[in-house]
>>> print(open('input-v3.csv').read())   # CSV, C-alpha atoms
chain,number,residue,atom,x,y,z
A,1,MET,CA,149.0,-0.5,50.7
A,2,SER,CA,152.0,-1.9,48.6
A,3,ASN,CA,155.1,0.2,47.6
A,4,SER,CA,153.9,0.3,44.0
A,5,GLN,CA,150.5,1.7,45.1
A,6,LEU,CA,152.3,4.3,47.2
A,7,THR,CA,154.4,5.3,44.2
A,8,LYS,CA,151.4,5.6,42.1
A,9,ASN,CA,149.6,7.7,44.7
A,10,LYS,CA,152.6,10.0,44.9
A,11,GLN,CA,152.7,10.5,41.1
A,12,GLN,CA,149.0,11.0,40.9
A,13,THR,CA,149.1,13.6,43.7
A,14,THR,CA,152.0,15.5,42.1
A,15,ASN,CA,150.3,15.5,38.7
A,16,THR,CA,146.9,16.6,40.2
A,17,SER,CA,148.5,19.4,42.2
A,18,ALA,CA,150.4,20.6,39.2
A,19,THR,CA,147.4,20.5,36.9
A,20,LEU,CA,145.1,22.3,39.3
A,21,SER,CA,147.6,25.1,40.3
A,22,ALA,CA,146.5,28.4,39.0
A,23,GLY,CA,148.4,30.4,36.4
A,24,ASN,CA,152.1,29.6,36.1
A,25,GLN,CA,152.5,28.9,39.8
A,26,GLN,CA,154.3,25.6,40.7
A,27,PRO,CA,152.7,23.2,43.1
A,28,THR,CA,153.8,23.6,46.7
A,29,THR,CA,155.9,21.1,48.5
A,30,ASN,CA,155.9,20.0,52.2
A,31,THR,CA,159.0,22.0,53.3
A,32,SER,CA,159.4,24.9,55.7
A,33,ALA,CA,160.7,27.3,53.0
A,34,THR,CA,158.7,29.6,50.8
A,35,LEU,CA,158.5,29.3,47.1
A,36,SER,CA,158.9,32.0,44.6
A,37,ALA,CA,157.3,32.3,41.2
A,38,GLY,CA,159.0,35.0,39.2
A,39,ASN,CA,159.2,38.0,41.6
A,40,GLN,CA,156.3,36.9,43.7
A,41,GLN,CA,156.6,35.2,47.1
A,42,ARG,CA,154.1,32.5,48.2
A,43,THR,CA,153.9,31.0,51.6
A,44,LEU,CA,153.4,27.3,52.3
A,45,PHE,CA,150.0,25.8,52.5
A,46,PRO,CA,148.8,25.7,56.2
A,47,ASP,CA,149.3,22.4,58.2
A,48,HIS,CA,146.5,20.4,59.7
A,49,THR,CA,146.4,22.4,62.9
A,50,GLN,CA,145.8,25.6,60.9
A,51,LEU,CA,143.3,24.4,58.3
A,52,PRO,CA,139.5,24.6,58.9
A,53,GLU,CA,138.5,21.3,60.5
A,54,SER,CA,135.0,21.3,58.8
A,55,ASP,CA,133.3,23.1,55.9
A,56,GLY,CA,131.3,25.3,58.3
A,57,THR,CA,127.9,23.9,57.5
A,58,PHE,CA,125.4,22.8,60.1
A,59,VAL,CA,124.9,19.1,60.8
A,60,LYS,CA,121.7,18.5,58.8
A,61,ASN,CA,120.0,16.1,61.1
A,62,PHE,CA,120.2,14.5,64.5
A,63,GLN,CA,121.2,11.1,63.0
A,64,GLU,CA,124.5,12.1,61.5
A,65,HIS,CA,126.5,12.3,64.7
A,66,PRO,CA,125.4,9.0,66.2
A,67,GLN,CA,125.6,7.4,62.8
A,68,SER,CA,129.3,8.2,62.6
A,69,ILE,CA,129.8,7.0,66.2
A,70,ILE,CA,128.1,3.6,65.7
A,71,LEU,CA,130.3,3.0,62.6
A,72,THR,CA,133.5,3.9,64.4
A,73,ASP,CA,132.6,2.1,67.7
A,74,SER,CA,131.7,-1.2,66.0
A,75,ILE,CA,134.6,-1.3,63.5
A,76,GLY,CA,137.3,-0.8,66.1
A,77,PRO,CA,138.2,-4.5,66.7
A,78,ILE,CA,138.4,-5.2,63.0
A,79,LEU,CA,140.8,-2.3,62.4
A,80,GLN,CA,142.9,-3.4,65.4
A,81,GLN,CA,143.3,-6.7,63.7
A,82,LEU,CA,144.2,-5.1,60.4
A,83,HIS,CA,146.6,-2.6,62.1
A,84,PRO,CA,148.1,-4.1,65.2
A,85,GLN,CA,150.4,-1.1,65.6
A,86,GLY,CA,147.4,1.3,65.4
A,87,ASP,CA,148.5,3.0,62.2
A,88,TYR,CA,145.1,4.1,60.9
A,89,ALA,CA,142.8,7.1,61.2
A,90,ILE,CA,139.1,7.7,61.0
A,91,GLY,CA,137.6,11.0,60.0
A,92,GLN,CA,134.1,12.2,60.9
A,93,ASP,CA,133.0,15.3,59.1
A,94,CYS,CA,136.7,16.3,58.7
A,95,GLY,CA,138.2,18.0,55.7
A,96,ILE,CA,140.2,16.0,53.1
A,97,TYR,CA,142.3,18.7,51.3
A,98,TRP,CA,143.0,17.7,47.7
A,99,ARG,CA,144.2,21.1,46.2
A,100,GLU,CA,145.5,24.5,47.4
A,101,THR,CA,142.9,27.3,47.3
A,102,GLU,CA,142.0,30.5,49.0
A,103,PRO,CA,140.1,30.1,51.2
A,104,PRO,CA,141.5,26.6,51.9
A,105,GLU,CA,138.1,24.9,52.4
A,106,GLN,CA,137.3,25.5,48.7
A,107,GLY,CA,139.8,22.8,47.9
A,108,ALA,CA,138.5,20.3,50.4
A,109,GLU,CA,135.7,17.8,50.9
A,110,ALA,CA,134.4,16.9,54.4
A,111,PRO,CA,132.8,13.5,54.2
A,112,ASP,CA,130.6,12.4,57.0
A,113,TRP,CA,132.9,9.3,57.7
A,114,PHE,CA,136.1,8.0,56.2
A,115,TYR,CA,138.8,5.5,57.0
A,116,VAL,CA,142.4,5.5,55.9
A,117,GLY,CA,145.0,2.9,56.8
A,118,GLY,CA,148.8,3.1,57.0
A,119,VAL,CA,148.9,6.5,58.6
A,120,PRO,CA,149.5,7.5,62.2
A,121,PRO,CA,146.4,8.6,64.2
A,122,LEU,CA,148.3,11.6,65.5
A,123,LEU,CA,150.5,14.1,63.7
A,124,ASN,CA,153.5,15.4,65.7
A,125,GLY,CA,151.7,14.2,68.8
A,126,GLU,CA,148.6,16.3,68.0
A,127,ILE,CA,145.1,15.1,67.2
A,128,ARG,CA,144.4,15.3,63.5
A,129,ARG,CA,142.1,18.2,62.5
A,130,SER,CA,142.2,17.6,58.7
A,131,TYR,CA,143.8,15.3,56.1
A,132,VAL,CA,146.0,16.9,53.5
A,133,LEU,CA,146.2,14.4,50.6
A,134,TRP,CA,149.4,15.5,48.9
A,135,ARG,CA,151.3,15.4,52.2
A,136,GLU,CA,149.9,12.0,53.4
A,137,LEU,CA,150.2,10.3,50.0
A,138,ILE,CA,147.7,7.6,51.1
A,139,THR,CA,144.2,7.7,49.8
A,140,PRO,CA,141.3,6.9,52.2
A,141,LEU,CA,140.0,3.4,51.5
A,142,ILE,CA,136.3,4.2,52.1
A,143,VAL,CA,134.3,7.4,52.2
A,144,LEU,CA,130.7,7.6,53.4
A,145,GLU,CA,128.2,10.5,52.9
A,146,PHE,CA,124.9,10.7,54.8
A,147,ALA,CA,122.5,12.6,52.5
A,148,SER,CA,119.7,14.4,54.3
A,149,GLY,CA,118.1,15.3,50.9
A,150,SER,CA,117.9,13.5,47.6
A,151,GLY,CA,121.6,12.8,47.4
A,152,LYS,CA,122.0,15.1,44.4
A,153,GLU,CA,125.0,16.8,46.0
A,154,GLU,CA,126.6,13.5,46.8
A,155,ARG,CA,126.1,12.2,43.2
A,156,ASP,CA,127.3,15.5,41.6
A,157,LYS,CA,129.8,14.6,38.8
A,158,THR,CA,130.5,18.2,37.7
A,159,PRO,CA,134.2,18.3,36.7
A,160,LEU,CA,136.7,21.1,37.4
A,161,SER,CA,138.0,22.7,34.3
A,162,PRO,CA,141.1,25.0,34.3
A,163,ASP,CA,139.0,28.2,33.7
A,164,GLN,CA,136.9,27.4,36.8
A,165,ILE,CA,139.9,27.2,39.1
A,166,GLU,CA,140.4,30.9,39.3
A,167,ALA,CA,136.7,31.5,39.5
A,168,GLY,CA,136.6,29.5,42.7
A,169,THR,CA,134.0,27.0,41.4
A,170,ARG,CA,133.7,23.8,43.4
A,171,PRO,CA,133.5,20.5,41.5
A,172,GLY,CA,131.0,17.8,42.3
A,173,LYS,CA,131.7,15.5,45.3
A,174,PHE,CA,131.3,12.4,43.2
A,175,TRP,CA,133.8,13.7,40.6
A,176,VAL,CA,136.4,14.6,43.3
A,177,TYR,CA,136.2,11.3,45.0
A,178,GLU,CA,136.3,9.4,41.7
A,179,ARG,CA,138.8,11.4,39.6
A,180,ILE,CA,141.0,13.3,42.0
A,181,ILE,CA,141.2,11.6,45.4
A,182,GLU,CA,140.4,8.2,43.8
A,183,VAL,CA,138.7,6.7,46.9
A,184,PRO,CA,138.3,2.9,46.3
A,185,TYR,CA,134.9,2.6,48.0
A,186,TYR,CA,132.3,5.4,48.1
A,187,GLY,CA,129.0,5.1,49.8
A,188,ILE,CA,125.9,7.4,49.7
A,189,TYR,CA,123.3,6.8,52.4
A,190,GLU,CA,120.0,8.6,51.8
A,191,ILE,CA,118.6,8.9,55.3
A,192,LYS,CA,115.0,9.8,54.4
A,193,ARG,CA,114.6,7.0,51.9
A,194,GLY,CA,116.6,4.5,53.8
A,195,LYS,CA,118.7,3.7,50.7
A,196,LEU,CA,122.4,2.9,50.5
A,197,GLU,CA,124.4,3.0,47.3
A,198,MET,CA,128.0,1.7,47.2
A,199,TYR,CA,130.5,2.4,44.4
A,200,HIS,CA,133.8,0.7,43.8
A,201,LEU,CA,136.6,2.3,41.8
A,202,VAL,CA,137.6,0.1,38.9
A,203,GLN,CA,140.2,1.4,36.3
A,204,GLY,CA,139.6,5.0,37.4
A,205,GLU,CA,135.8,4.9,37.3
A,206,TYR,CA,133.1,4.2,39.9
A,207,ARG,CA,131.0,1.1,39.3
A,208,GLN,CA,127.9,0.7,41.4
A,209,LEU,CA,128.0,-2.4,43.6
A,210,GLU,CA,125.2,-4.9,43.9
A,211,PRO,CA,124.2,-6.1,47.4
A,212,ASN,CA,124.8,-9.8,48.3
A,213,GLN,CA,122.0,-12.2,49.4
A,214,ARG,CA,122.0,-10.5,52.8
A,215,GLY,CA,121.5,-7.1,51.3
A,216,HIS,CA,125.0,-6.0,52.3
A,217,TYR,CA,128.0,-4.7,50.4
A,218,LEU,CA,131.3,-6.4,50.7
A,219,ILE,CA,134.3,-4.2,51.5
A,220,GLU,CA,136.9,-6.8,50.6
A,221,PRO,CA,140.1,-5.1,51.9
A,222,MET,CA,138.5,-4.7,55.4
A,223,SER,CA,136.9,-8.2,55.3
A,224,VAL,CA,133.6,-6.7,56.3
A,225,GLU,CA,130.2,-6.0,54.9
A,226,LEU,CA,128.2,-2.7,55.0
A,227,GLY,CA,124.5,-2.6,55.1
A,228,LEU,CA,121.4,-1.2,56.8
A,229,TRP,CA,120.1,-2.3,60.3
A,230,GLN,CA,116.8,-1.4,61.9
A,231,GLY,CA,117.2,-0.9,65.6
A,232,ASN,CA,117.6,1.4,68.6
A,233,TYR,CA,120.8,3.4,69.1
A,234,GLN,CA,121.2,6.4,71.4
A,235,ASN,CA,117.4,6.7,71.8
A,236,GLN,CA,116.7,6.7,68.1
A,237,ASN,CA,114.9,3.7,66.6
A,238,GLN,CA,115.5,3.8,62.8
A,239,LEU,CA,117.7,2.5,60.0
A,240,TRP,CA,121.4,2.7,60.7
A,241,LEU,CA,124.5,2.0,58.6
A,242,ARG,CA,126.2,-1.0,60.3
A,243,TRP,CA,129.1,-3.4,59.7
A,244,TRP,CA,128.9,-7.2,59.5
A,245,ASP,CA,131.7,-9.7,59.2
A,246,LYS,CA,132.0,-11.8,56.1
A,247,ASN,CA,129.8,-14.5,57.7
A,248,GLY,CA,126.9,-12.1,58.2
A,249,ASN,CA,127.4,-11.6,61.9
A,250,LEU,CA,126.6,-8.0,63.1
A,251,LEU,CA,129.7,-6.2,64.5
A,252,LEU,CA,128.6,-5.0,67.9
A,253,THR,CA,129.2,-1.7,69.6
A,254,GLY,CA,130.8,-1.7,73.1
A,255,ASN,CA,127.5,-1.3,74.8
A,256,GLU,CA,126.0,-4.2,72.8
A,257,GLN,CA,129.0,-6.4,73.7
A,258,VAL,CA,128.4,-5.6,77.4
A,259,GLU,CA,124.7,-6.5,77.0
A,260,LEU,CA,125.6,-9.7,75.3
A,261,GLU,CA,128.1,-10.5,78.1
A,262,LYS,CA,125.3,-9.9,80.6
A,263,VAL,CA,123.1,-12.4,78.8
A,264,ARG,CA,126.0,-15.0,78.8
A,265,THR,CA,126.6,-14.3,82.5
A,266,GLU,CA,123.0,-14.9,83.3
A,267,ARG,CA,123.0,-18.1,81.3
A,268,GLU,CA,126.0,-19.3,83.3
A,269,ARG,CA,124.2,-18.4,86.5
A,270,GLN,CA,121.2,-20.4,85.4
A,271,ARG,CA,123.4,-23.3,84.4
A,272,ALA,CA,125.1,-23.2,87.8
A,273,GLU,CA,121.6,-23.2,89.5
A,274,GLN,CA,120.5,-26.1,87.3
A,275,GLU,CA,123.6,-28.0,88.4
A,276,LEU,CA,122.8,-27.2,92.0
A,277,GLN,CA,119.3,-28.5,91.5
A,278,LYS,CA,120.6,-31.6,89.8
A,279,ALA,CA,122.9,-32.2,92.8
A,280,GLU,CA,120.0,-31.8,95.2
A,281,LEU,CA,117.9,-34.3,93.1
A,282,GLU,CA,120.9,-36.7,93.2
A,283,LYS,CA,121.0,-36.3,97.0
A,284,VAL,CA,117.3,-37.1,97.2
A,285,ARG,CA,117.8,-40.1,94.9
A,286,THR,CA,120.7,-41.3,97.0
A,287,GLU,CA,118.6,-41.0,100.2
A,288,ARG,CA,115.8,-42.9,98.5
A,289,GLU,CA,118.2,-45.7,97.6
A,290,ARG,CA,119.4,-45.8,101.1
A,291,GLN,CA,115.9,-46.1,102.4
A,292,ARG,CA,115.1,-48.8,99.8
A,293,ALA,CA,118.2,-50.7,100.9
A,294,GLU,CA,117.1,-50.3,104.5
A,295,GLN,CA,113.7,-51.6,103.6
A,296,GLU,CA,115.2,-54.6,101.9
A,297,ARG,CA,117.3,-55.3,105.0
A,298,GLU,CA,114.2,-55.1,107.1
A,299,ARG,CA,112.3,-57.3,104.8
A,300,ALA,CA,115.1,-59.9,104.9
A,301,GLU,CA,115.1,-59.7,108.6
A,302,ARG,CA,111.3,-60.2,108.7
A,303,GLU,CA,111.7,-63.2,106.5
A,304,ARG,CA,114.3,-64.6,108.9
A,305,GLN,CA,111.9,-64.0,111.7
A,306,ARG,CA,109.1,-65.6,109.8
A,307,ALA,CA,111.2,-68.7,109.3
A,308,GLU,CA,112.0,-68.8,113.0
A,309,LEU,CA,108.3,-68.4,113.7
A,310,GLU,CA,107.6,-71.5,111.6
A,311,LYS,CA,110.1,-73.5,113.5
A,312,VAL,CA,108.5,-72.5,116.8
A,313,ARG,CA,105.0,-73.1,115.5
A,314,THR,CA,104.5,-75.6,118.3
A,315,GLN,CA,105.4,-73.1,120.9
A,316,GLN,CA,102.9,-71.5,123.2
A,317,ALA,CA,99.9,-69.5,121.8
A,318,GLN,CA,101.2,-66.4,123.6
A,319,GLN,CA,104.3,-66.4,121.5
A,320,ARG,CA,102.2,-66.9,118.3
A,321,ALA,CA,100.0,-64.0,119.4
A,322,GLU,CA,103.1,-61.8,119.9
A,323,GLN,CA,104.4,-62.7,116.6
A,324,GLU,CA,101.0,-61.8,114.9
A,325,ARG,CA,101.2,-58.5,116.6
A,326,GLN,CA,104.7,-57.9,115.3
A,327,ARG,CA,103.6,-58.9,111.8
A,328,ALA,CA,100.7,-56.4,111.9
A,329,GLU,CA,103.1,-53.6,113.0
A,330,LEU,CA,105.5,-54.5,110.2
A,331,GLN,CA,102.7,-54.3,107.6
A,332,GLN,CA,101.7,-50.9,108.9
A,333,GLN,CA,105.3,-49.7,108.5
A,334,ARG,CA,105.4,-51.0,105.0
A,335,ALA,CA,102.2,-49.1,104.1
A,336,GLU,CA,103.6,-45.9,105.6
A,337,GLN,CA,106.8,-46.4,103.6
A,338,ALA,CA,104.9,-47.0,100.5
A,339,GLN,CA,102.9,-43.8,101.1
A,340,GLN,CA,106.2,-41.9,101.7
A,341,ARG,CA,107.6,-43.2,98.4
A,342,ALA,CA,104.4,-42.1,96.6
A,343,GLU,CA,104.7,-38.6,98.1
A,344,GLN,CA,108.4,-38.3,97.2
A,345,GLU,CA,107.6,-39.3,93.6
A,346,GLN,CA,104.9,-36.8,93.4
A,347,GLN,CA,107.2,-34.0,94.8
A,348,ARG,CA,109.8,-35.0,92.3
A,349,ALA,CA,107.4,-34.8,89.4
A,350,GLU,CA,106.1,-31.4,90.5
A,351,LEU,CA,109.7,-30.1,90.9
A,352,GLN,CA,110.7,-31.3,87.4
A,353,GLN,CA,107.6,-29.7,85.9
A,354,GLN,CA,108.3,-26.3,87.6
A,355,ARG,CA,111.9,-26.5,86.5
A,356,ALA,CA,110.9,-27.2,82.9
A,357,GLU,CA,108.4,-24.4,82.9
A,358,ARG,CA,110.9,-21.9,84.3
A,359,LEU,CA,113.6,-22.9,81.8
A,360,GLU,CA,111.2,-22.5,78.9
A,361,GLN,CA,110.2,-19.1,80.1
A,362,GLU,CA,113.8,-17.9,80.7
A,363,ARG,CA,114.7,-19.2,77.2
A,364,LYS,CA,111.9,-17.2,75.6
A,365,GLU,CA,112.8,-14.1,77.5
A,366,ALA,CA,116.5,-14.5,76.5
A,367,ILE,CA,115.5,-14.9,72.8
A,368,THR,CA,113.2,-11.9,73.0
A,369,ARG,CA,116.1,-9.7,74.4
A,370,LEU,CA,118.5,-10.8,71.8
A,371,VAL,CA,116.0,-10.2,69.0
A,372,GLN,CA,115.5,-6.7,70.3
A,373,LEU,CA,119.3,-6.2,70.2
A,374,GLY,CA,119.1,-7.1,66.5
A,375,LEU,CA,121.0,-10.4,66.6
A,376,THR,CA,120.4,-12.8,63.8
A,377,VAL,CA,118.7,-16.2,64.4
A,378,GLN,CA,122.1,-17.9,63.9
A,379,GLN,CA,123.7,-15.6,66.5
A,380,ILE,CA,120.9,-16.2,69.0
A,381,ALA,CA,121.1,-20.0,68.5
A,382,THR,CA,124.9,-19.9,69.1
A,383,ALA,CA,124.6,-17.7,72.2
A,384,LEU,CA,121.9,-19.9,73.8
A,385,ASN,CA,123.3,-23.3,72.6
A,386,LEU,CA,120.0,-23.9,70.7
A,387,SER,CA,119.3,-25.0,67.2
A,388,VAL,CA,118.0,-22.5,64.6
A,389,GLU,CA,114.7,-24.5,64.6
A,390,GLN,CA,114.3,-24.1,68.4
A,391,VAL,CA,114.9,-20.3,68.1
A,392,ASN,CA,112.3,-20.0,65.2
A,393,GLU,CA,109.7,-22.0,67.3
A,394,GLN,CA,109.9,-19.2,69.9
>>> encode(input="input-v3.csv", output="structure tokens")
Amino acid sequence: MSNSQLTKNKQQTTNTSATLSAGNQQPTTNTSATLSAGNQQRTLFPDHTQLPESDGTFVKNFQEHPQSIILTDSIGPILQQLHPQGDYAIGQDCGIYWRETEPPEQGAEAPDWFYVGGVPPLLNGEIRRSYVLWRELITPLIVLEFASGSGKEERDKTPLSPDQIEAGTRPGKFWVYERIIEVPYYGIYEIKRGKLEMYHLVQGEYRQLEPNQRGHYLIEPMSVELGLWQGNYQNQNQLWLRWWDKNGNLLLTGNEQVELEKVRTERERQRAEQELQKAELEKVRTERERQRAEQERERAERERQRAELEKVRTQQAQQRAEQERQRAELQQQRAEQAQQRAEQEQQRAELQQQRAERLEQERKEAITRLVQLGLTVQQIATALNLSVEQVNEQ
């Protein structure tokens, strides 16, 4: 966030606090002293360790908790790139206090998930329990609400008028995020309908975003897209809010990255095994060449002997009979060698066929596992060094 934006946030926070303070009381400041209004003494607003850390309502369904975890787990590497020093915070069902009330939670909203950059993850060495807007002076970049019902509460635009402040009336969530906190990106996920709505703050008003061709919503400052993903997470197979990068690649959780690494390791093992088989085949080929060279040498030797036999044609019949016997033996050897070559060729063909069938089966199994993990065709093709067409054929 730029210095001009910080200055604007400071001014807006001061104006909002002054406007919403009851009666003639002045807005509190972040000091250790107490403020007096007339003859009355008023103590400082509690710090984050003293404020309620939630709004006290029950989690409305079993998906809310893992939904927050999957968002936080998968966005971690992106936020580390955006904030190399780790100056960011993520809230999950934690209170964002935007005005002073009694009880304090009347002036807070507790979104299911939000992210704010430029702030330390700890305050005074302690884990954050809440986020007090007028003390932090930095607005969360994105807030997400998981609506178990129709989303009416999350779309409530009821404003807060001065006469309602003393009555303790709570304004609508939508109005608070839009007009008071001024969250740049606000998302409402209706779990039952599997519907996601995203709003972007433009000139002080929310404008509903349209999804891109992938059905995702671009969150430009984070260089990511937000959308819905059907898959299994923590033993629940359903629609989940997930992050993608700007190229449409799913941002993986830690477990998914481990599983993908296992697939890559298996592929490396298979590649090494293939190289070993190739070396064995080369060894067989070399031996075959050696045998062929030996056969050629023997053939040349036989030709030499044959030439000598022609020269001694006039020699005794016993020598000719011996030569005929030797020739018959050589012919038998040639037949046996030819049979050996045929058997070797047959073994080679069978080995290649088995190898091709095994590779095809392993590739199909690898594609099936990656599809179950929810990877896109492009991701699977990249991971397996295949073309998109080859993946689609499976």
>>> closest_residue(input="input-v3.csv", among="A:Arg267, A:Lys311, A:Arg348, A:Arg242", to="Arg288 in chain A", atoms="all atoms listed in the file")
A:Arg348
>>> closest_residue(input="input-v3.csv", among="A:Gln346, A:Ser150, A:Gln257, A:Gln234", to="Pro77 in chain A", atoms="only C-alpha atoms")
A:Gln257
>>> atom_distance(input="input-v3.csv", atom1="CA of Ile188 in chain A", atom2="CA of Gly118 in chain A")
24.4 Å
>>> closest_residue(input="input-v3.csv", among="A:Gln213, A:Thr101, A:Thr253, A:Thr169", to="Ser74 in chain A", atoms="only C-alpha atoms")
A:Thr253
>>> residues_around(input="input-v3.csv", residues="range 214-218 of chain A", least_positions_apart="6", cutoff="6 Å", atoms="all atoms listed in the file", output="count of residues only")
3
>>> residues_near_point(input="input-v3.csv", point="(118.9, -20.1, 63.8)", cutoff="9 Å", atoms="all atoms listed in the file", output="MDAnalysis selection string")
chainID A and resid 376:382 386:392
>>> decode(input="input-v3.csv", residues="range 74-87 of chain A", atoms="C-alpha atoms", output="PDB file, in the first residue's frame")
ATOM      1  CA  SER A  74      -2.639 -22.947  -0.769  1.00  0.00           C
ATOM      2  CA  ILE A  75      -2.123 -19.135  -0.840  1.00  0.00           C
ATOM      3  CA  GLY A  76       0.949 -19.266   1.425  1.00  0.00           C
ATOM      4  CA  PRO A  77       3.655 -19.363  -1.323  1.00  0.00           C
ATOM      5  CA  ILE A  78       2.013 -16.439  -3.157  1.00  0.00           C
ATOM      6  CA  LEU A  79       1.912 -14.296  -0.018  1.00  0.00           C
ATOM      7  CA  GLN A  80       5.547 -15.141   0.711  1.00  0.00           C
ATOM      8  CA  GLN A  81       6.435 -13.764  -2.721  1.00  0.00           C
ATOM      9  CA  LEU A  82       4.374 -10.617  -2.111  1.00  0.00           C
ATOM     10  CA  HIS A  83       5.727 -10.186   1.435  1.00  0.00           C
ATOM     11  CA  PRO A  84       9.293 -11.604   1.657  1.00  0.00           C
ATOM     12  CA  GLN A  85       9.581 -10.197   5.193  1.00  0.00           C
ATOM     13  CA  GLY A  86       6.366 -11.969   6.253  1.00  0.00           C
ATOM     14  CA  ASP A  87       4.471  -8.724   6.936  1.00  0.00           C
TER      15      ASP A  87
END
